[in-house]
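What follows is the content of input.cif, which has mmCIF, C-alpha atoms and all ligand atoms:
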```cif
data_protein
loop_
_atom_site.label_atom_id
_atom_site.label_comp_id
_atom_site.auth_asym_id
_atom_site.auth_seq_id
_atom_site.Cartn_x
_atom_site.Cartn_y
_atom_site.Cartn_z
CA MET O 1160 -100.13 63.30 22.96
CA CYS O 1161 -99.91 67.07 22.99
CA ILE O 1162 -96.27 68.12 23.13
CA GLY O 1163 -95.94 69.88 19.81
CA PHE O 1164 -92.57 71.55 19.39
CA PRO O 1165 -92.47 74.50 17.04
CA GLY O 1166 -90.95 73.76 13.64
CA LYS O 1167 -89.81 75.98 10.80
CA ILE O 1168 -91.39 75.46 7.40
CA ILE O 1169 -88.72 74.65 4.79
CA SER O 1170 -90.91 73.69 1.84
CA ILE O 1171 -94.56 73.34 0.84
CA ASP O 1172 -95.78 70.96 -1.89
CA GLU O 1173 -98.83 71.10 -4.19
CA ASP O 1174 -100.83 68.70 -1.96
CA ASN O 1175 -100.62 71.22 0.90
CA TYR O 1176 -97.99 69.29 2.85
CA ALA O 1177 -95.01 71.07 4.37
CA GLN O 1178 -91.57 69.88 5.38
CA ILE O 1179 -90.77 71.33 8.78
CA ASP O 1180 -87.51 71.43 10.68
CA ILE O 1181 -87.74 70.91 14.44
CA SER O 1182 -84.21 71.75 15.57
CA GLY O 1183 -82.59 69.49 13.00
CA THR O 1184 -85.30 66.82 12.73
CA LYS O 1185 -87.36 66.94 9.54
CA ARG O 1186 -91.04 66.09 9.60
CA GLU O 1187 -93.85 66.23 7.09
CA VAL O 1188 -97.06 67.92 8.22
CA CYS O 1189 -100.36 68.59 6.49
CA LEU O 1190 -101.42 72.24 6.30
CA ASP O 1191 -105.17 71.59 5.87
CA ILE O 1192 -106.17 72.88 9.31
CA VAL O 1193 -103.50 75.44 10.21
CA ASP O 1194 -105.17 78.58 11.60
CA GLU O 1195 -103.54 81.14 9.30
CA PRO O 1196 -101.95 81.20 5.86
CA VAL O 1197 -98.29 80.19 6.12
CA ILE O 1198 -95.21 80.58 3.93
CA ILE O 1199 -91.71 79.12 3.94
CA GLY O 1200 -89.78 80.39 6.98
CA ASP O 1201 -92.80 80.59 9.30
CA TYR O 1202 -92.83 78.67 12.59
CA VAL O 1203 -95.75 76.37 13.23
CA ILE O 1204 -96.93 74.18 16.10
CA SER O 1205 -97.94 70.71 14.91
CA HIS O 1206 -99.93 67.86 16.36
CA ALA O 1207 -100.36 64.30 15.05
CA GLY O 1208 -99.12 65.10 11.55
CA TYR O 1209 -100.98 68.40 11.11
CA ALA O 1210 -99.80 71.97 11.58
CA ILE O 1211 -102.33 73.61 13.92
CA HIS O 1212 -101.00 77.09 14.67
CA LYS O 1213 -98.75 79.69 13.13
CA ILE O 1214 -96.55 81.34 15.75
CA ASP O 1215 -96.59 85.09 15.80
CA GLU O 1216 -92.84 85.71 16.19
CA ALA O 1217 -93.17 89.31 17.33
CA LEU O 1218 -95.56 88.21 20.07
CA ALA O 1219 -93.29 85.38 21.20
CA LYS O 1220 -90.29 87.70 21.49
CA GLU O 1221 -92.27 90.37 23.29
CA LYS O 1222 -93.34 87.80 25.85
CA LEU O 1223 -89.78 86.69 26.62
CA ASP O 1224 -88.59 90.28 26.91
CA PHE O 1225 -91.47 91.03 29.24
CA LEU O 1226 -90.65 88.10 31.50
CA GLN O 1227 -86.99 89.04 31.61
CA GLU O 1228 -87.83 92.61 32.51
CA LEU O 1229 -90.30 91.54 35.15
CA ILE O 1230 -87.66 89.46 36.84
CA ASP O 1231 -84.76 91.88 36.36
CA ASN O 1232 -86.64 94.68 38.02
CA GLU O 1233 -87.49 92.71 41.09
CA VAL O 1234 -85.34 92.87 44.21
CA TYR O 1235 -85.50 89.58 46.07
CA MET W 728 -83.66 75.43 19.55
CA LYS W 729 -85.95 78.26 18.81
CA TYR W 730 -88.99 78.64 21.11
CA ILE W 731 -87.81 75.78 23.30
CA ASP W 732 -84.52 76.66 25.02
CA GLU W 733 -85.66 80.16 25.96
CA TYR W 734 -88.55 78.62 27.84
CA ARG W 735 -86.22 76.32 29.77
CA ASP W 736 -83.91 79.10 30.95
CA PRO W 737 -83.05 78.29 34.61
CA ALA W 738 -82.69 81.97 35.51
CA LEU W 739 -86.22 82.68 34.35
CA VAL W 740 -87.52 79.63 36.21
CA GLN W 741 -85.82 80.77 39.42
CA GLY W 742 -87.15 84.28 38.99
CA LEU W 743 -90.66 82.97 38.56
CA LEU W 744 -90.25 80.67 41.56
CA ALA W 745 -89.44 83.72 43.70
CA LYS W 746 -92.59 85.37 42.44
CA ILE W 747 -94.62 82.24 43.19
CA ARG W 748 -93.26 82.21 46.76
CA LYS W 749 -94.27 85.81 47.28
CA SER W 750 -97.80 85.27 45.99
CA ALA W 751 -98.12 82.07 48.03
CA ASP W 752 -97.12 84.00 51.18
CA ARG W 753 -99.66 86.66 50.40
CA ILE W 754 -102.45 84.10 50.01
CA ASN W 755 -101.33 82.34 53.20
CA ARG W 756 -103.65 79.31 53.01
CA PRO W 757 -103.57 75.99 51.16
CA VAL W 758 -104.23 76.32 47.44
CA THR W 759 -105.10 73.45 45.09
CA ILE W 760 -104.37 73.83 41.41
CA MET W 761 -105.41 71.21 38.87
CA GLU W 762 -103.56 70.64 35.63
CA ILE W 763 -106.11 69.25 33.19
CA CYS W 764 -103.77 68.15 30.46
CA GLY W 765 -101.76 64.94 30.47
CA SER W 766 -98.90 66.73 28.74
CA HIS W 767 -98.80 69.17 31.66
CA THR W 768 -98.75 66.27 34.14
CA TYR W 769 -95.84 64.83 32.21
CA ALA W 770 -93.91 68.11 31.99
CA ILE W 771 -94.51 68.92 35.68
CA GLY W 772 -93.11 65.51 36.58
CA ARG W 773 -90.23 65.64 34.17
CA PHE W 774 -89.02 69.07 35.28
CA GLY W 775 -89.61 68.37 38.98
CA ILE W 776 -91.95 71.32 39.40
CA ARG W 777 -94.19 69.82 42.09
CA LYS W 778 -91.27 69.63 44.53
CA MET W 779 -90.11 73.20 43.87
CA LEU W 780 -93.38 74.81 44.94
CA PRO W 781 -94.07 76.35 48.36
CA GLU W 782 -95.73 74.05 50.88
CA ASN W 783 -99.18 75.56 50.66
CA ILE W 784 -99.42 75.11 46.88
CA LYS W 785 -100.63 71.70 45.81
CA LEU W 786 -100.83 70.52 42.19
CA VAL W 787 -103.29 67.75 41.37
CA SER W 788 -103.64 65.97 38.03
CA GLY W 789 -106.90 65.88 36.14
CA PRO W 790 -108.59 63.86 33.41
CA GLY W 791 -106.42 65.09 30.56
CA CYS W 792 -105.12 61.90 29.03
CA PRO W 793 -107.54 60.83 26.28
CA VAL W 794 -106.57 57.18 26.47
CA CYS W 795 -107.08 57.14 30.24
CA VAL W 796 -110.61 58.56 30.15
CA THR W 797 -111.80 56.16 27.46
CA SER W 798 -114.40 53.92 29.08
CA ALA W 799 -113.91 50.18 29.44
CA ARG W 800 -116.87 49.70 27.10
CA ASP W 801 -115.28 51.75 24.34
CA VAL W 802 -112.05 49.78 24.69
CA ASP W 803 -114.07 46.56 24.46
CA ILE W 804 -115.79 47.80 21.28
CA ALA W 805 -112.40 48.63 19.76
CA LEU W 806 -111.18 45.12 20.55
CA TYR W 807 -114.31 43.64 18.98
CA LEU W 808 -113.96 45.73 15.81
CA ALA W 809 -110.27 44.94 15.41
CA CYS W 810 -111.07 41.22 15.30
CA GLN W 811 -113.69 41.36 12.54
CA LYS W 812 -112.96 39.92 9.10
CA ASP W 813 -111.21 42.11 6.49
CA ILE W 814 -110.66 44.95 8.93
CA ILE W 815 -107.50 47.00 9.18
CA PHE W 816 -107.70 48.68 12.58
CA ALA W 817 -105.58 51.85 12.75
CA THR W 818 -104.75 53.51 16.03
CA PHE W 819 -102.38 55.95 17.67
CA GLY W 820 -99.72 53.98 19.51
CA ASP W 821 -100.70 54.78 23.07
CA MET W 822 -104.00 52.91 22.71
CA LEU W 823 -102.27 49.63 21.91
CA ARG W 824 -101.73 48.31 25.42
CA VAL W 825 -104.85 49.61 27.13
CA PRO W 826 -106.65 46.66 28.68
CA GLY W 827 -110.35 46.03 28.10
CA SER W 828 -112.69 44.33 30.56
CA SER W 829 -111.18 40.89 29.94
CA GLY W 830 -107.61 42.12 30.27
CA ASP W 831 -107.08 41.80 26.51
CA SER W 832 -105.61 44.71 24.56
CA LEU W 833 -105.18 45.65 20.90
CA GLN W 834 -101.60 44.46 21.24
CA LYS W 835 -102.76 41.02 22.37
CA LYS W 836 -105.35 40.89 19.59
CA ARG W 837 -102.64 41.77 17.09
CA ALA W 838 -100.42 39.00 18.40
CA ALA W 839 -103.38 36.67 17.89
CA GLY W 840 -103.69 37.69 14.25
CA ALA W 841 -105.80 40.88 14.09
CA ASP W 842 -104.56 43.47 11.59
CA VAL W 843 -103.88 46.36 13.99
CA ARG W 844 -101.64 49.13 12.71
CA ILE W 845 -100.11 52.09 14.50
CA VAL W 846 -100.37 55.41 12.72
CA ALA W 847 -98.71 58.66 13.78
CA ALA W 848 -101.23 60.74 11.84
CA ALA W 849 -104.84 60.02 10.88
CA ASN W 850 -104.16 60.82 7.22
CA GLU W 851 -101.99 57.70 6.93
CA CYS W 852 -105.37 55.93 6.75
CA ILE W 853 -105.97 57.49 3.34
CA ASP W 854 -102.98 55.62 1.89
CA LEU W 855 -104.00 52.44 3.71
CA ALA W 856 -107.56 52.62 2.36
CA GLN W 857 -106.25 53.14 -1.17
CA ALA W 858 -103.67 50.37 -0.90
CA PHE W 859 -106.21 47.83 0.44
CA PRO W 860 -109.48 48.49 -1.41
CA GLN W 861 -110.89 45.08 -0.38
CA ASN W 862 -110.54 45.92 3.30
CA GLU W 863 -112.26 48.40 5.57
CA VAL W 864 -109.86 50.71 7.37
CA ILE W 865 -111.17 51.72 10.79
CA MET W 866 -109.43 54.53 12.62
CA MET W 867 -109.76 54.67 16.39
CA GLY W 868 -110.87 58.28 16.72
CA ILE W 869 -109.54 59.24 20.11
CA GLY W 870 -108.42 62.52 21.58
CA PHE W 871 -109.61 65.95 22.62
CA GLU W 872 -110.09 69.07 20.51
CA THR W 873 -106.43 69.09 19.47
CA THR W 874 -106.60 65.72 17.76
CA THR W 875 -110.21 65.66 16.54
CA PRO W 876 -109.64 68.21 13.74
CA THR W 877 -106.86 66.02 12.31
CA ILE W 878 -109.31 63.14 12.10
CA ALA W 879 -112.08 65.39 10.78
CA ALA W 880 -109.67 66.63 8.08
CA THR W 881 -108.93 63.02 7.12
CA VAL W 882 -112.65 62.22 6.85
CA GLU W 883 -113.19 65.31 4.70
CA ASN W 884 -110.23 64.36 2.52
CA CYS W 885 -111.63 60.85 2.02
CA ARG W 886 -115.02 62.29 1.08
CA GLN W 887 -113.40 64.50 -1.54
CA LYS W 888 -111.36 61.60 -2.92
CA GLY W 889 -114.43 59.31 -2.99
CA ILE W 890 -112.84 56.79 -0.61
CA THR W 891 -115.56 54.61 0.90
CA ASN W 892 -113.64 51.86 2.70
CA PHE W 893 -112.70 54.09 5.61
CA SER W 894 -114.53 54.88 8.82
CA VAL W 895 -113.84 56.26 12.27
CA PHE W 896 -114.78 54.74 15.61
CA SER W 897 -115.27 58.06 17.37
CA VAL W 898 -114.66 58.22 21.10
CA HIS W 899 -113.58 61.85 20.84
CA LYS W 900 -114.21 63.98 23.87
CA ILE W 901 -114.32 67.69 24.55
CA VAL W 902 -112.66 69.31 27.52
CA PRO W 903 -114.87 72.17 28.87
CA PRO W 904 -117.82 69.95 29.93
CA ALA W 905 -115.39 67.81 31.94
CA ILE W 906 -114.04 70.90 33.71
CA HIS W 907 -117.60 71.88 34.43
CA ALA W 908 -118.19 68.48 36.04
CA LEU W 909 -115.04 68.86 38.14
CA ILE W 910 -116.02 72.32 39.36
CA ASN W 911 -119.33 70.89 40.54
CA ASP W 912 -117.77 67.80 42.15
CA PRO W 913 -118.34 68.10 45.92
CA GLY W 914 -115.35 65.83 46.59
CA LEU W 915 -113.00 68.32 45.01
CA ASN W 916 -112.07 71.80 46.00
CA ILE W 917 -110.02 73.40 43.27
CA ASP W 918 -108.85 76.99 43.42
CA GLY W 919 -107.42 77.24 39.95
CA PHE W 920 -106.98 75.39 36.68
CA LEU W 921 -103.94 75.21 34.46
CA CYS W 922 -105.86 74.94 31.19
CA PRO W 923 -104.40 72.84 28.37
CA GLY W 924 -102.20 74.59 25.82
CA HIS W 925 -103.01 72.90 22.55
CA VAL W 926 -106.66 72.14 23.20
CA SER W 927 -106.91 75.90 23.69
CA THR W 928 -105.06 76.54 20.43
CA MET W 929 -108.20 75.06 18.88
CA ILE W 930 -111.05 76.15 21.16
CA GLY W 931 -109.71 79.57 22.23
CA SER W 932 -110.08 81.15 25.65
CA ASN W 933 -113.81 81.92 25.77
CA ALA W 934 -114.60 78.24 26.14
CA TYR W 935 -113.43 78.43 29.76
CA ASN W 936 -115.58 81.33 30.94
CA MET W 937 -117.44 79.07 33.37
CA ILE W 938 -114.25 78.71 35.45
CA PRO W 939 -113.97 82.35 36.61
CA ALA W 940 -117.76 82.47 36.84
CA ALA W 941 -117.47 79.74 39.49
CA GLY W 942 -114.87 81.74 41.42
CA CYS W 943 -111.82 79.80 40.23
CA ALA W 944 -108.69 80.99 38.47
CA ALA W 945 -107.95 79.85 34.88
CA VAL W 946 -104.70 80.21 32.97
CA ILE W 947 -104.04 78.66 29.55
CA THR W 948 -100.49 77.43 29.86
CA GLY W 949 -97.70 76.12 27.62
CA PHE W 950 -95.55 73.04 28.17
CA GLU W 951 -92.07 74.26 29.00
CA PRO W 952 -90.84 74.93 32.56
CA VAL W 953 -91.01 78.72 32.18
CA ASP W 954 -94.56 78.40 30.83
CA ILE W 955 -95.72 76.23 33.70
CA MET W 956 -94.06 78.36 36.37
CA GLU W 957 -95.55 81.51 34.91
CA GLY W 958 -98.95 79.81 34.61
CA ILE W 959 -98.87 78.86 38.30
CA TRP W 960 -97.79 82.36 39.27
CA MET W 961 -100.62 83.90 37.21
CA ILE W 962 -103.13 81.62 38.94
CA LEU W 963 -101.82 82.63 42.37
CA GLU W 964 -102.05 86.31 41.47
CA GLN W 965 -105.71 85.86 40.49
CA ILE W 966 -106.38 84.14 43.80
CA ALA W 967 -104.42 86.72 45.83
CA ASN W 968 -106.31 89.56 44.16
CA LYS W 969 -109.64 87.66 44.14
CA LYS W 970 -110.02 88.69 40.50
CA TYR W 971 -110.82 85.72 38.34
CA GLU W 972 -110.52 85.55 34.57
CA VAL W 973 -109.33 83.29 31.77
CA ALA W 974 -105.78 84.45 31.19
CA ILE W 975 -103.51 83.24 28.39
CA GLN W 976 -99.94 82.53 29.47
CA TYR W 977 -99.26 80.54 26.28
CA SER W 978 -99.75 83.46 23.94
CA ARG W 979 -97.35 82.11 21.31
CA GLY W 980 -99.66 79.12 20.89
CA VAL W 981 -103.16 80.40 21.59
CA LYS W 982 -105.32 83.14 20.14
CA PRO W 983 -108.43 84.18 22.11
CA GLU W 984 -110.69 83.05 19.25
CA GLY W 985 -108.84 79.73 18.78
CA ASN W 986 -108.43 77.97 15.44
CA VAL W 987 -111.74 78.86 13.80
CA ARG W 988 -111.07 76.80 10.71
CA ALA W 989 -110.42 73.61 12.69
CA MET W 990 -113.43 74.12 14.95
CA GLU W 991 -115.70 74.64 11.94
CA LEU W 992 -114.45 71.39 10.49
CA ILE W 993 -115.23 69.54 13.74
CA ASN W 994 -118.71 71.05 13.80
CA THR W 995 -119.39 70.17 10.18
CA ILE W 996 -118.71 66.49 10.76
CA PHE W 997 -119.50 65.87 14.42
CA LYS W 998 -122.12 66.84 16.98
CA THR W 999 -122.01 66.60 20.76
CA GLU W 1000 -123.51 63.80 22.81
CA THR W 1001 -123.52 62.62 26.43
CA VAL W 1002 -120.70 60.11 26.82
CA GLU W 1003 -119.08 58.09 29.55
CA TRP W 1004 -115.69 59.15 30.95
CA ARG W 1005 -113.74 56.58 32.87
CA GLY W 1006 -113.76 57.56 36.51
CA ILE W 1007 -116.13 60.48 36.09
CA GLY W 1008 -119.16 58.81 34.52
CA PRO W 1009 -121.49 60.25 31.89
CA ILE W 1010 -121.01 63.95 31.14
CA PRO W 1011 -123.61 65.82 29.05
CA ALA W 1012 -122.46 67.09 25.64
CA SER W 1013 -118.90 65.94 26.23
CA GLY W 1014 -118.43 63.50 23.35
CA LEU W 1015 -118.50 63.80 19.58
CA ILE W 1016 -120.56 61.57 17.28
CA PHE W 1017 -121.02 61.80 13.51
CA ARG W 1018 -123.66 64.01 11.96
CA GLU W 1019 -126.07 62.28 9.59
CA ALA W 1020 -124.44 63.70 6.46
CA TYR W 1021 -121.22 61.89 7.40
CA ALA W 1022 -122.80 58.67 8.67
CA SER W 1023 -121.04 56.65 5.96
CA TYR W 1024 -117.77 57.39 7.79
CA ASP W 1025 -119.14 56.30 11.14
CA THR W 1026 -117.91 52.83 12.09
CA GLN W 1027 -120.81 52.38 14.49
CA THR W 1028 -123.35 53.06 11.72
CA LYS W 1029 -121.55 50.78 9.28
CA PHE W 1030 -121.04 47.86 11.64
CA ALA W 1031 -123.50 46.48 14.15
CA VAL W 1032 -121.74 46.21 17.47
CA PRO W 1033 -123.37 43.69 19.82
CA GLU W 1034 -124.23 44.59 23.41
CA MET W 1035 -121.33 43.82 25.71
CA GLU W 1036 -120.94 43.48 29.44
CA SER W 1037 -118.12 45.84 30.27
CA ALA W 1038 -116.55 46.40 33.64
CA GLU W 1039 -113.86 48.67 35.02
CA LEU W 1040 -110.79 46.84 36.16
CA GLU W 1041 -110.89 45.49 39.67
CA GLY W 1042 -108.61 47.18 42.18
CA CYS W 1043 -107.51 49.92 39.76
CA GLY W 1044 -108.01 53.40 41.17
CA CYS W 1045 -107.77 55.22 37.83
CA GLY W 1046 -111.26 56.63 38.36
CA ASP W 1047 -110.30 58.58 41.48
CA ILE W 1048 -106.97 59.51 39.98
CA LEU W 1049 -108.63 61.01 36.90
CA ARG W 1050 -110.81 63.17 39.15
CA GLY W 1051 -107.80 64.36 41.13
CA ILE W 1052 -109.15 62.80 44.33
CA LYS W 1053 -106.33 60.33 44.77
CA SER W 1054 -102.70 60.32 43.77
CA PRO W 1055 -101.09 57.16 42.38
CA GLU W 1056 -99.25 56.43 45.66
CA GLN W 1057 -102.67 55.91 47.22
CA CYS W 1058 -103.43 52.99 44.89
CA PHE W 1059 -102.23 49.80 46.53
CA LEU W 1060 -101.28 48.25 43.17
CA PHE W 1061 -99.03 51.18 42.21
CA LYS W 1062 -95.41 50.11 41.62
CA LYS W 1063 -96.07 46.75 43.28
CA VAL W 1064 -98.28 45.00 40.78
CA CYS W 1065 -98.93 47.80 38.31
CA THR W 1066 -95.88 49.06 36.39
CA PRO W 1067 -95.36 50.44 32.88
CA MET W 1068 -94.19 46.95 31.85
CA ASN W 1069 -97.28 45.35 33.35
CA PRO W 1070 -99.96 48.05 33.39
CA ILE W 1071 -103.23 47.22 35.13
CA GLY W 1072 -105.08 50.42 34.26
CA PRO W 1073 -104.92 52.97 31.45
CA CYS W 1074 -103.29 55.63 33.67
CA MET W 1075 -100.20 53.41 33.71
CA VAL W 1076 -100.30 52.62 29.99
CA SER W 1077 -100.18 55.99 28.33
CA SER W 1078 -96.96 57.96 28.68
CA GLU W 1079 -99.18 60.88 29.68
CA GLY W 1080 -101.13 58.90 32.21
CA THR W 1081 -100.79 60.16 35.77
CA CYS W 1082 -99.63 56.78 37.14
CA SER W 1083 -96.98 56.33 34.47
CA THR W 1084 -95.66 59.86 35.03
CA TYR W 1085 -95.52 59.30 38.80
CA TYR W 1086 -93.81 55.96 38.26
CA LYS W 1087 -91.08 57.65 36.24
CA TYR W 1088 -90.54 60.87 38.17
CA TYR W 1089 -91.56 60.49 41.81
S1 LIG T 1 -101.34 52.36 39.64
FE1 LIG T 1 -102.21 51.02 38.06
S2 LIG T 1 -103.91 50.01 39.08
FE2 LIG T 1 -103.37 51.79 40.34
S3 LIG T 1 -104.69 53.45 39.58
FE3 LIG T 1 -102.79 53.58 38.43
S4 LIG T 1 -103.17 52.37 36.58
FE4 LIG T 1 -104.77 51.80 38.05
#
```

For this file, write the structure as structure tokens.
Ligand code: SF4
Amino acid sequence: MCIGFPGKIISIDEDNYAQIDISGTKREVCLDIVDEPVIIGDYVISHAGYAIHKIDEALAKEKLDFLQELIDNEVY
Amino acid sequence: MKYIDEYRDPALVQGLLAKIRKSADRINRPVTIMEICGSHTYAIGRFGIRKMLPENIKLVSGPGCPVCVTSARDVDIALYLACQKDIIFATFGDMLRVPGSSGDSLQKKRAAGADVRIVAAANECIDLAQAFPQNEVIMMGIGFETTTPTIAATVENCRQKGITNFSVFSVHKIVPPAIHALINDPGLNIDGFLCPGHVSTMIGSNAYNMIPAAGCAAVITGFEPVDIMEGIWMILEQIANKKYEVAIQYSRGVKPEGNVRAMELINTIFKTETVEWRGIGPIPASGLIFREAYASYDTQTKFAVPEMESAELEGCGCGDILRGIKSPEQCFLFKKVCTPMNPIGPCMVSSEGTCSTYYKYY
């Protein structure tokens, strides 16, 4: 039930529904319960037809860089 | 694929595996980690993670599939409701084949003429209710804190639109009280919990404070291989250092405070109640029922449901599997009688059920 792939918002209509693009697949999600204000271009995690979380892109990138560094600097 | 491929990078997975090995050596005793969430069980199976881990690290699956923990009685009530006159019974697809006490399921009731419809999102019920004003649309309200806000939002939307032929049969459950019950279960001895990613998106990290307080590790983890490997490593580090806390591995999906807006919506419409979990039994304050102000959206207030004699299915070990005490191979029906094509218990029905995942990947 819970695998929600991140999707990019491509449009938002007046009823507070957004079209999102999940690597090529388009879906419609309701924005009524998303945790932060979103605009076109933002990435959101969705669940059962509702966007639930706006991804903080800077944070996501920082995390990947951190993991890479952690592993690069290790001598096995 | 942004935010997906990076978290499946084999080099990162291998790097994390090396780190896991080191921590496991340092701990140098058997460690049991429970993944609570059915989506974790599925991802761990799909990516073959259980087999990669060092010998002393054991992963057990918990009660994280909402369909699986729904009691036989609640399934029986759903079957009863679906068969009443002028009812359109809407449900998420994975509930369709779950057997009730008599072996019947919503699918069988539908074949016999009941108007049972699969929805992918609760708000599809709004259109249904408007298209069929003579009928009552009942939504099977199932799921943990990730799903409940979507149903709460639909209820709120119906209230604003003045829609009155819609109600929810709420069997919603909340996760932290179940973890609490597992920590206190003398039959279990868990060293750390992989906490669910998207439930935590909603409830935030503070909701798990009782885990470190009980001397267990807790890491909120995402669903990709890199996420899960890092989550396991973070748990092992807590155990190795004997410093327990609620850590967030899945920081791109979870804020410490959670989704405040969604949680407020849940609390406006629902309140907690002691409810029955399949396999675990009644857990205090672990279910959600309607508040009085929203009683007109409560199926169980609108419709009198007669008393029913419900019974768990004979021979099915789902109860022990949901508590992490047994693995599917220890159920004598597994793969022989019970298969995804012919499921005996709910753990084999849902794609996130432990038995169905083991059937596919082990
Ligand atoms: S294999 Fe089937 S019968 Fe056995 S515990 Fe799992 S669902 Fe129940």

Atom CA of W:Ser798 to atom CA of W:Tyr1089, distance in Å rounded to a single decimal:
27.0 Å

Taking 5 positions as the minimum chain separation for residues in the same chain, which residues sit within 9 Å of W:Pro1055 when counting all atoms listed in the file? Answer as a list in words.
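That gives Gly1044, Cys1045, Ile1048, Leu1060, Phe1061, Thr1081, Cys1082, Ser1083, Tyr1085 and Tyr1086 of chain W.
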
Give me the residues within 12 Å of O:Asp1180 as a list in words, counting all atoms listed in the file and dropping any in the same chain fewer than 4 places off.
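Counting only the stated atoms, we get Phe1164, Pro1165, Gly1166, Lys1167, Ile1168, Ile1169, Ser1170, Thr1184, Lys1185, Arg1186, Glu1187, Val1188, Ile1199, Gly1200, Asp1201, Tyr1202, Val1203, Ile1204 and Ser1205 of chain O; Met728 and Lys729 of chain W.
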
Step by step, measure atom-to-atom distances between ligand LIG 1 (chain T) and each residue using all atoms listed in the file, keep those at most 12 Å, then write them as number ranges by chain.
W: 794-796, 824-826, 1005-1006, 1039-1086

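Between chain O and the candidates W:Lys778, W:Arg756, W:His767, W:Lys835, the tightest atom-to-atom separation, counting all atoms listed in the file, involves W:His767.
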
Do a neighbour search on W:Glu1000 at 8 Å with only C-alpha atoms, toss out local chain neighbours closer than 2 positions, and write the hits as JSON, numbers by chain.
{"W": [998, 1002, 1011, 1012, 1013, 1014, 1015, 1016]}

Have a look at atom CA of W:Leu743 and atom CA of W:Phe950 and let me know their distance in Å, one decimal.
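Between atom CA of W:Leu743 and atom CA of W:Phe950 the gap is 15.2 Å.
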
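Between atom CA of W:Val864 and atom CA of W:Phe893 the separation is 4.8 Å.
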
If we count only C-alpha atoms and set the cut-off at 8 Å, which residues sit around W:Ala945, ignoring sequence neighbours fewer than 6 positions away in its own chain? Please answer as a PyMOL selection string.
chain W and resi 919-922+935+938-939+962+971-974

For W:Val802, please output as JSON, numbers by chain all residues within 10 Å (counting all atoms listed in the file; exclusion window: fewer than 3 positions along the same chain).
{"W": [794, 797, 798, 799, 805, 806, 807, 808, 822, 825, 826, 827, 828, 831, 832, 833, 867, 898, 1037]}

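With only C-alpha atoms as the atoms that count, the residue of W:Met761, W:Val787, W:Ala809, W:Ile1010 with the shortest distance to W:Phe1030 is W:Ala809.
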
Provide an axis-aligned box for all listed atoms of stretch 816-823 of chain W, padding each side by 4 Å; report its centre and its edge lengths in Å to one decimal, as JSON.
```
{"center_x": -103.7, "center_y": 52.3, "center_z": 17.8, "size_x": 16.0, "size_y": 15.3, "size_z": 18.5}
```

Using all atoms listed in the file for the distances, tell me which of W:Ile901, W:Leu823, W:Leu786, W:Ala941 is nearest to W:Thr999.
W:Ile901

Counting only C-alpha atoms, figure out which residue out of W:Pro1033, W:Val895, W:Ile959, W:Ile890 gets nearest to W:Leu744.
W:Ile959
